[in-house]
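A.B. asks: Coordinates in entry.cif, mmCIF, C-alpha atoms, are listed below.
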```
data_upload
#
loop_
_atom_site.label_atom_id
_atom_site.label_comp_id
_atom_site.auth_asym_id
_atom_site.auth_seq_id
_atom_site.Cartn_x
_atom_site.Cartn_y
_atom_site.Cartn_z
CA MET R 290 -61.00 -26.11 -20.46
CA LYS R 291 -58.96 -28.42 -18.20
CA THR R 292 -56.09 -25.90 -18.21
CA ILE R 293 -58.46 -23.07 -17.29
CA SER R 294 -60.04 -25.18 -14.53
CA ARG R 295 -56.58 -25.89 -13.08
CA LEU R 296 -55.76 -22.17 -13.14
CA PHE R 297 -58.97 -21.34 -11.26
CA LEU R 298 -58.22 -24.08 -8.74
CA ILE R 299 -54.69 -22.79 -8.14
CA ALA R 300 -55.93 -19.19 -7.90
CA GLY R 301 -58.58 -20.23 -5.40
CA MET R 302 -56.05 -22.07 -3.26
CA VAL R 303 -53.73 -19.06 -3.26
CA SER R 304 -56.62 -16.73 -2.38
CA LEU R 305 -57.76 -18.91 0.50
CA SER R 306 -54.18 -19.17 1.77
CA ALA R 307 -53.77 -15.39 1.67
CA CYS R 308 -57.06 -14.79 3.50
CA ALA R 309 -56.53 -17.44 6.18
CA PRO R 310 -55.86 -16.12 9.69
CA SER R 311 -52.36 -16.60 11.06
CA GLN R 312 -52.23 -19.90 12.96
CA LYS R 313 -49.70 -22.54 13.83
CA ASP R 314 -49.51 -25.34 11.32
CA SER R 315 -50.49 -27.87 13.97
CA GLU R 316 -53.69 -25.94 14.75
CA VAL R 317 -54.65 -25.86 11.09
CA GLN R 318 -54.02 -29.58 10.70
CA ASN R 319 -56.10 -30.38 13.77
CA ALA R 320 -59.06 -28.36 12.52
CA SER R 321 -61.77 -30.43 10.90
CA LYS R 322 -61.83 -30.19 7.13
CA SER R 323 -65.61 -30.00 7.29
CA GLU R 324 -65.54 -26.78 9.28
CA ASN R 325 -66.19 -23.75 7.11
CA GLN R 326 -67.89 -20.76 8.66
CA VAL R 327 -69.01 -19.28 5.34
CA ILE R 328 -70.66 -22.50 4.19
CA GLU R 329 -72.21 -23.04 7.63
CA THR R 330 -73.66 -19.52 7.57
CA ILE R 331 -75.12 -19.94 4.10
CA MET R 332 -76.62 -23.37 4.76
CA SER R 333 -78.10 -22.51 8.16
CA ARG R 334 -79.57 -19.13 7.24
CA ARG R 335 -83.40 -18.98 7.11
CA SER R 336 -85.94 -16.24 6.46
CA ILE R 337 -87.24 -15.10 9.85
CA ARG R 338 -90.83 -13.94 10.30
CA LYS R 339 -90.91 -13.64 14.08
CA TYR R 340 -88.54 -11.40 16.05
CA LYS R 341 -87.72 -10.61 19.65
CA GLN R 342 -88.43 -7.10 20.88
CA GLN R 343 -84.73 -6.37 21.17
CA PRO R 344 -82.96 -3.53 19.36
CA VAL R 345 -80.09 -4.22 17.00
CA GLU R 346 -76.83 -2.74 18.21
CA MET R 347 -75.50 0.05 16.02
CA GLU R 348 -72.13 -1.68 15.76
CA LYS R 349 -73.74 -4.78 14.26
CA LEU R 350 -75.92 -2.71 11.97
CA GLN R 351 -72.88 -0.85 10.69
CA GLN R 352 -71.08 -4.14 10.01
CA ILE R 353 -74.06 -5.33 7.99
CA LEU R 354 -74.04 -2.14 5.93
CA ASP R 355 -70.27 -2.18 5.41
CA CYS R 356 -70.37 -5.76 4.16
CA GLY R 357 -73.32 -4.86 1.94
CA ILE R 358 -71.58 -2.08 0.06
CA ASN R 359 -68.52 -4.27 -0.37
CA ALA R 360 -70.50 -6.65 -2.54
CA PRO R 361 -69.30 -7.15 -6.13
CA ASN R 362 -70.95 -4.75 -8.55
CA GLY R 363 -70.67 -3.95 -12.24
CA GLN R 364 -67.86 -1.54 -13.15
CA ASN R 365 -67.85 -0.44 -9.50
CA LYS R 366 -70.86 1.72 -10.30
CA GLN R 367 -72.37 0.89 -6.89
CA SER R 368 -75.72 1.48 -8.54
CA TRP R 369 -77.71 1.30 -5.31
CA GLU R 370 -79.15 3.60 -2.68
CA ILE R 371 -79.67 2.32 0.86
CA ARG R 372 -82.00 3.70 3.49
CA VAL R 373 -81.95 2.43 7.07
CA VAL R 374 -85.00 2.68 9.31
CA ASN R 375 -84.32 1.64 12.90
CA THR R 376 -86.80 3.79 14.78
CA PRO R 377 -90.31 2.50 15.54
CA GLY R 378 -92.21 5.54 14.28
CA TYR R 379 -91.68 5.08 10.56
CA ILE R 380 -92.19 1.32 10.71
CA ALA R 381 -95.42 1.80 12.69
CA GLU R 382 -96.75 4.26 10.09
CA LEU R 383 -95.89 1.91 7.26
CA ASP R 384 -97.44 -1.03 9.08
CA SER R 385 -100.63 0.93 9.71
CA LEU R 386 -100.89 1.91 6.06
CA ASN R 387 -100.21 -1.62 4.89
CA ARG R 388 -102.90 -2.96 7.20
CA SER R 389 -105.45 -0.38 6.03
CA LEU R 390 -104.79 -1.18 2.38
CA ALA R 391 -105.09 -4.92 3.04
CA LEU R 392 -108.39 -4.51 4.89
CA ALA R 393 -109.71 -2.37 2.04
CA LYS R 394 -108.99 -5.28 -0.31
CA GLY R 395 -111.09 -7.56 1.88
CA ILE R 396 -108.18 -9.51 3.35
CA ASP R 397 -108.98 -11.22 6.64
CA ALA R 398 -107.48 -9.16 9.48
CA SER R 399 -106.08 -12.30 11.12
CA LYS R 400 -104.02 -13.01 8.01
CA ILE R 401 -102.38 -9.59 7.79
CA ARG R 402 -98.82 -9.76 9.06
CA HIS R 403 -96.76 -6.93 10.46
CA VAL R 404 -94.97 -5.13 7.65
CA SER R 405 -91.52 -6.02 9.03
CA TYR R 406 -92.70 -9.20 10.79
CA GLY R 407 -91.97 -7.32 13.99
CA ALA R 408 -88.30 -6.69 13.23
CA PRO R 409 -86.94 -3.42 14.65
CA VAL R 410 -84.89 -2.60 11.53
CA MET R 411 -85.87 -2.25 7.90
CA ILE R 412 -83.33 -1.51 5.19
CA PHE R 413 -84.71 -0.22 1.90
CA ILE R 414 -82.73 -0.79 -1.29
CA ALA R 415 -83.22 1.16 -4.51
CA ASN R 416 -81.55 0.70 -7.88
CA ASP R 417 -80.51 2.95 -10.73
CA PRO R 418 -82.59 1.83 -13.76
CA SER R 419 -80.23 3.59 -16.14
CA TYR R 420 -77.73 0.76 -15.56
CA ASP R 421 -79.11 -2.53 -16.87
CA PHE R 422 -77.37 -4.69 -14.25
CA SER R 423 -78.23 -2.55 -11.25
CA GLN R 424 -80.84 -5.02 -10.01
CA VAL R 425 -78.16 -7.73 -9.98
CA ASP R 426 -75.89 -5.42 -8.00
CA CYS R 427 -78.66 -4.74 -5.48
CA GLY R 428 -79.28 -8.47 -5.13
CA LEU R 429 -75.62 -9.09 -4.36
CA LEU R 430 -75.69 -6.22 -1.87
CA GLY R 431 -78.66 -7.76 -0.07
CA ALA R 432 -77.10 -11.23 -0.04
CA ASN R 433 -74.01 -9.86 1.67
CA MET R 434 -76.15 -8.14 4.28
CA ILE R 435 -78.37 -11.10 5.18
CA LEU R 436 -75.39 -13.44 5.48
CA THR R 437 -73.52 -10.93 7.62
CA ALA R 438 -76.60 -10.63 9.83
CA LYS R 439 -76.73 -14.39 10.27
CA SER R 440 -73.06 -14.50 11.22
CA LEU R 441 -73.78 -11.88 13.91
CA GLY R 442 -76.68 -13.83 15.42
CA LEU R 443 -79.38 -11.80 13.68
CA GLY R 444 -82.28 -12.89 11.51
CA SER R 445 -83.54 -11.32 8.31
CA CYS R 446 -86.27 -11.53 5.72
CA CYS R 447 -86.38 -10.05 2.23
CA LEU R 448 -89.54 -8.00 1.67
CA GLY R 449 -90.52 -7.65 -1.98
CA GLY R 450 -94.18 -6.73 -1.58
CA ILE R 451 -93.42 -3.64 0.47
CA ALA R 452 -91.87 -1.99 -2.60
CA ARG R 453 -95.22 -2.26 -4.37
CA THR R 454 -97.00 -0.76 -1.39
CA MET R 455 -94.53 2.11 -1.18
CA LYS R 456 -95.24 3.04 -4.80
CA LEU R 457 -98.97 3.47 -4.24
CA PRO R 458 -100.37 7.05 -4.00
CA GLU R 459 -101.34 6.41 -0.37
CA ALA R 460 -97.68 5.85 0.52
CA GLU R 461 -96.30 8.89 -1.28
CA SER R 462 -95.28 10.73 1.89
CA LEU R 463 -93.52 7.65 3.31
CA LEU R 464 -91.63 7.07 0.07
CA LYS R 465 -90.66 10.74 -0.06
CA ARG R 466 -89.18 10.51 3.43
CA LEU R 467 -86.70 7.92 2.17
CA ASP R 468 -85.21 10.78 0.14
CA LEU R 469 -84.19 8.64 -2.83
CA PRO R 470 -82.64 10.27 -5.90
CA GLU R 471 -85.32 11.15 -8.42
CA ASN R 472 -84.18 8.57 -10.97
CA TYR R 473 -83.89 5.66 -8.53
CA ASN R 474 -86.41 2.83 -8.16
CA LEU R 475 -87.28 1.28 -4.79
CA LEU R 476 -86.56 -2.40 -5.38
CA TYR R 477 -87.10 -4.20 -2.08
CA ALA R 478 -86.49 -4.06 1.64
CA ILE R 479 -84.97 -6.38 4.23
CA SER R 480 -86.03 -6.74 7.85
CA PHE R 481 -83.38 -7.36 10.52
CA GLY R 482 -83.61 -8.32 14.17
CA TYR R 483 -83.02 -11.02 16.74
CA PRO R 484 -84.93 -14.15 15.68
CA ASP R 485 -87.69 -15.57 17.83
CA GLU R 486 -88.15 -18.72 15.76
CA SER R 487 -86.05 -21.42 14.14
CA PRO R 488 -87.79 -22.48 10.94
CA ALA R 489 -86.75 -25.67 9.20
CA ALA R 490 -85.11 -25.56 5.80
CA LYS R 491 -87.39 -25.90 2.80
CA PRO R 492 -86.37 -28.39 0.11
CA ARG R 493 -84.36 -27.11 -2.85
CA LYS R 494 -84.63 -28.46 -6.39
CA ALA R 495 -81.13 -29.73 -7.14
CA GLU R 496 -82.34 -30.96 -10.55
CA LYS R 497 -82.38 -27.35 -11.71
CA ILE R 498 -78.58 -27.47 -11.71
CA LYS R 499 -77.05 -28.83 -14.91
CA PHE R 500 -73.44 -29.03 -16.01
CA VAL R 501 -72.89 -28.04 -19.65
CA GLU R 502 -70.11 -29.61 -21.68
#
```
As a first step, turn the structure in this file into structure tokens.

C.D. replies:
Amino acid sequence: MKTISRLFLIAGMVSLSACAPSQKDSEVQNASKSENQVIETIMSRRSIRKYKQQPVEMEKLQQILDCGINAPNGQNKQSWEIRVVNTPGYIAELDSLNRSLALAKGIDASKIRHVSYGAPVMIFIANDPSYDFSQVDCGLLGANMILTAKSLGLGSCCLGGIARTMKLPEAESLLKRLDLPENYNLLYAISFGYPDESPAAKPRKAEKIKFVE
């Protein structure tokens, strides 16, 4: 195991060296060892549930999508389908339906949140159930996208409940408009936009991590 660990360490060092931007040695040495943009992005990213009424630039949206589809995936099957909604009409219809269904269930109107939390963009992600690891692939895809969004100054929030709503008979026409392949399953959605809040980090349970010998 020690030999394998050393090999991974060496491989990682070579990979980082190859990916590092070209800089003078003195500049690299002067840079703080604690500075790491990837780690900073991961650790500072929060789920955003309040957004500014500001559209997301198409260039940024395309970067998010490009980074998403470059996520690792089993056998390069790319067992996902992605649908981008960045026009207010569709989101407004979905929000109206979601609100109506919630009121019908007796939920207090004041407790019903906007379906995208007010974000101007919703990205829907569907998986291919015929591949047993497609949900994992779609999760990796989404992780790439939300971290890319954070690095571009955007907020995001994963929306699991909306997939349930979209599968109800009342939402049939909205689901059909996503034009998903017949055998694909809508898994979840992600909202994207400029954040209008800065929520604090919630505690994580480090005790759930265990090293196995």

A.B. asks: Here's the selection I'm unsure about, the PyMOL selection byres ((chain R and resi 417) around 9); applied to the file above, which residues does it give, as a ChimeraX atom specification?

C.D. replies: /R:368-370,415-416,418-424,472-474

A.B. asks: Would you mind reading off the distance between atom CA of Leu350 of chain R and atom CA of Leu467 of chain R, one decimal, in Å?

C.D. replies: 18.0 Å

A.B. asks: Find the residues near Leu429 of chain R: any atom within 8 Å, counting all atoms listed in the file, skip ones fewer than 6 places away on the same chain, and give them as a compact mmCIF listing (two decimals) with C-alpha atoms, in the frame of the given file.

C.D. replies:
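Below you can see result27.txt, which holds the result:
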```
# COMPACT_ATOMS: atom_id res chain seq x y z
CA GLY R 357 -73.32 -4.86 1.94
CA ALA R 360 -70.50 -6.65 -2.54
CA PRO R 361 -69.30 -7.15 -6.13
CA ASN R 362 -70.95 -4.75 -8.55
```

A.B. asks: If I take atom CA of Lys456 of chain R and atom CA of Glu471 of chain R, how far is one from the other in Å, to one decimal?

C.D. replies: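 Separation between atom CA of Lys456 of chain R and atom CA of Glu471 of chain R: 13.3 Å.
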
A.B. asks: Rank R:Ala478, R:Ile328, R:Ile396, R:Met455 by their smallest atom-to-atom distance to Glu382 of chain R, using all atoms listed in the file, and report the top residue only.

C.D. replies: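 When distances to Glu382 of chain R are compared using all atoms listed in the file, the smallest one comes from R:Met455.
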
A.B. asks: Take atom CA of Pro409 of chain R and atom CA of Leu476 of chain R and report the distance between them in Å, one decimal.

C.D. replies: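 Answer for the atom CA of Pro409 of chain R to atom CA of Leu476 of chain R separation: 20.1 Å.
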
A.B. asks: Excluding same-chain residues fewer than 4 positions from His403 of chain R, what lies within 9 Å of it counting all atoms listed in the file, as a list in words?

C.D. replies: Asp384, Ser385, Asn387, Arg388, Gly407 and Ala408 of chain R

A.B. asks: With the file shown as input, list the residues that the PyMOL selection byres ((chain R and resi 439) around 12) selects, as a ChimeraX atom specification.

C.D. replies: /R:326-337,349-350,352-353,432-438,440-446,481-484

A.B. asks: Tell me which residues come within 12 Å of (-91.8, -19.3, 16.3), as a list of chain:residue names, counting all atoms listed in the file in the file's coordinates.

C.D. replies: R:Ser336, R:Ile337, R:Arg338, R:Lys339, R:Tyr340, R:Lys341, R:Tyr406, R:Pro484, R:Asp485, R:Glu486, R:Ser487, R:Pro488, R:Ala489

A.B. asks: If I only have part of segment 355-369 of chain R, can you fill in N, CA, C and O atoms and write it as a short mmCIF file (atom, residue, chain, number, x, y, z; two decimals), in the coordinates of the input?

C.D. replies:
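Final file, part04.cif:
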```cif
data_model
loop_
_atom_site.label_atom_id
_atom_site.label_comp_id
_atom_site.auth_asym_id
_atom_site.auth_seq_id
_atom_site.Cartn_x
_atom_site.Cartn_y
_atom_site.Cartn_z
N ASP R 355 -71.62 -2.19 6.00
CA ASP R 355 -70.27 -2.18 5.41
C ASP R 355 -70.06 -3.39 4.52
O ASP R 355 -69.49 -3.29 3.43
N CYS R 356 -70.51 -4.55 4.98
CA CYS R 356 -70.37 -5.76 4.16
C CYS R 356 -71.28 -5.67 2.94
O CYS R 356 -70.92 -6.17 1.86
N GLY R 357 -72.42 -5.03 3.08
CA GLY R 357 -73.32 -4.86 1.94
C GLY R 357 -72.69 -4.08 0.81
O GLY R 357 -72.67 -4.51 -0.34
N ILE R 358 -72.13 -2.93 1.12
CA ILE R 358 -71.58 -2.08 0.06
C ILE R 358 -70.24 -2.59 -0.47
O ILE R 358 -69.73 -2.06 -1.45
N ASN R 359 -69.72 -3.63 0.16
CA ASN R 359 -68.52 -4.27 -0.37
C ASN R 359 -68.85 -5.47 -1.25
O ASN R 359 -67.96 -6.25 -1.62
N ALA R 360 -70.10 -5.59 -1.62
CA ALA R 360 -70.50 -6.65 -2.54
C ALA R 360 -69.95 -6.35 -3.93
O ALA R 360 -69.73 -5.19 -4.30
N PRO R 361 -69.72 -7.40 -4.74
CA PRO R 361 -69.30 -7.15 -6.13
C PRO R 361 -70.39 -6.40 -6.89
O PRO R 361 -71.58 -6.60 -6.64
N ASN R 362 -69.98 -5.51 -7.76
CA ASN R 362 -70.95 -4.75 -8.55
C ASN R 362 -70.32 -4.32 -9.87
O ASN R 362 -69.12 -4.09 -9.95
N GLY R 363 -71.15 -4.24 -10.90
CA GLY R 363 -70.67 -3.95 -12.24
C GLY R 363 -69.92 -2.63 -12.37
O GLY R 363 -70.46 -1.58 -12.01
N GLN R 364 -68.69 -2.71 -12.86
CA GLN R 364 -67.86 -1.54 -13.15
C GLN R 364 -67.69 -0.63 -11.92
O GLN R 364 -67.41 0.55 -12.05
N ASN R 365 -67.88 -1.20 -10.76
CA ASN R 365 -67.85 -0.44 -9.50
C ASN R 365 -68.77 0.77 -9.54
O ASN R 365 -68.49 1.81 -8.93
N LYS R 366 -69.89 0.63 -10.23
CA LYS R 366 -70.86 1.72 -10.30
C LYS R 366 -71.58 1.92 -8.98
O LYS R 366 -72.09 3.00 -8.70
N GLN R 367 -71.65 0.82 -8.16
CA GLN R 367 -72.37 0.89 -6.89
C GLN R 367 -73.74 1.52 -7.12
O GLN R 367 -74.11 2.52 -6.49
N SER R 368 -74.47 0.90 -8.04
CA SER R 368 -75.72 1.48 -8.54
C SER R 368 -76.90 1.22 -7.60
O SER R 368 -77.97 0.79 -8.01
N TRP R 369 -76.67 1.49 -6.31
CA TRP R 369 -77.71 1.30 -5.31
C TRP R 369 -77.83 2.53 -4.42
O TRP R 369 -76.94 3.38 -4.35
#
```
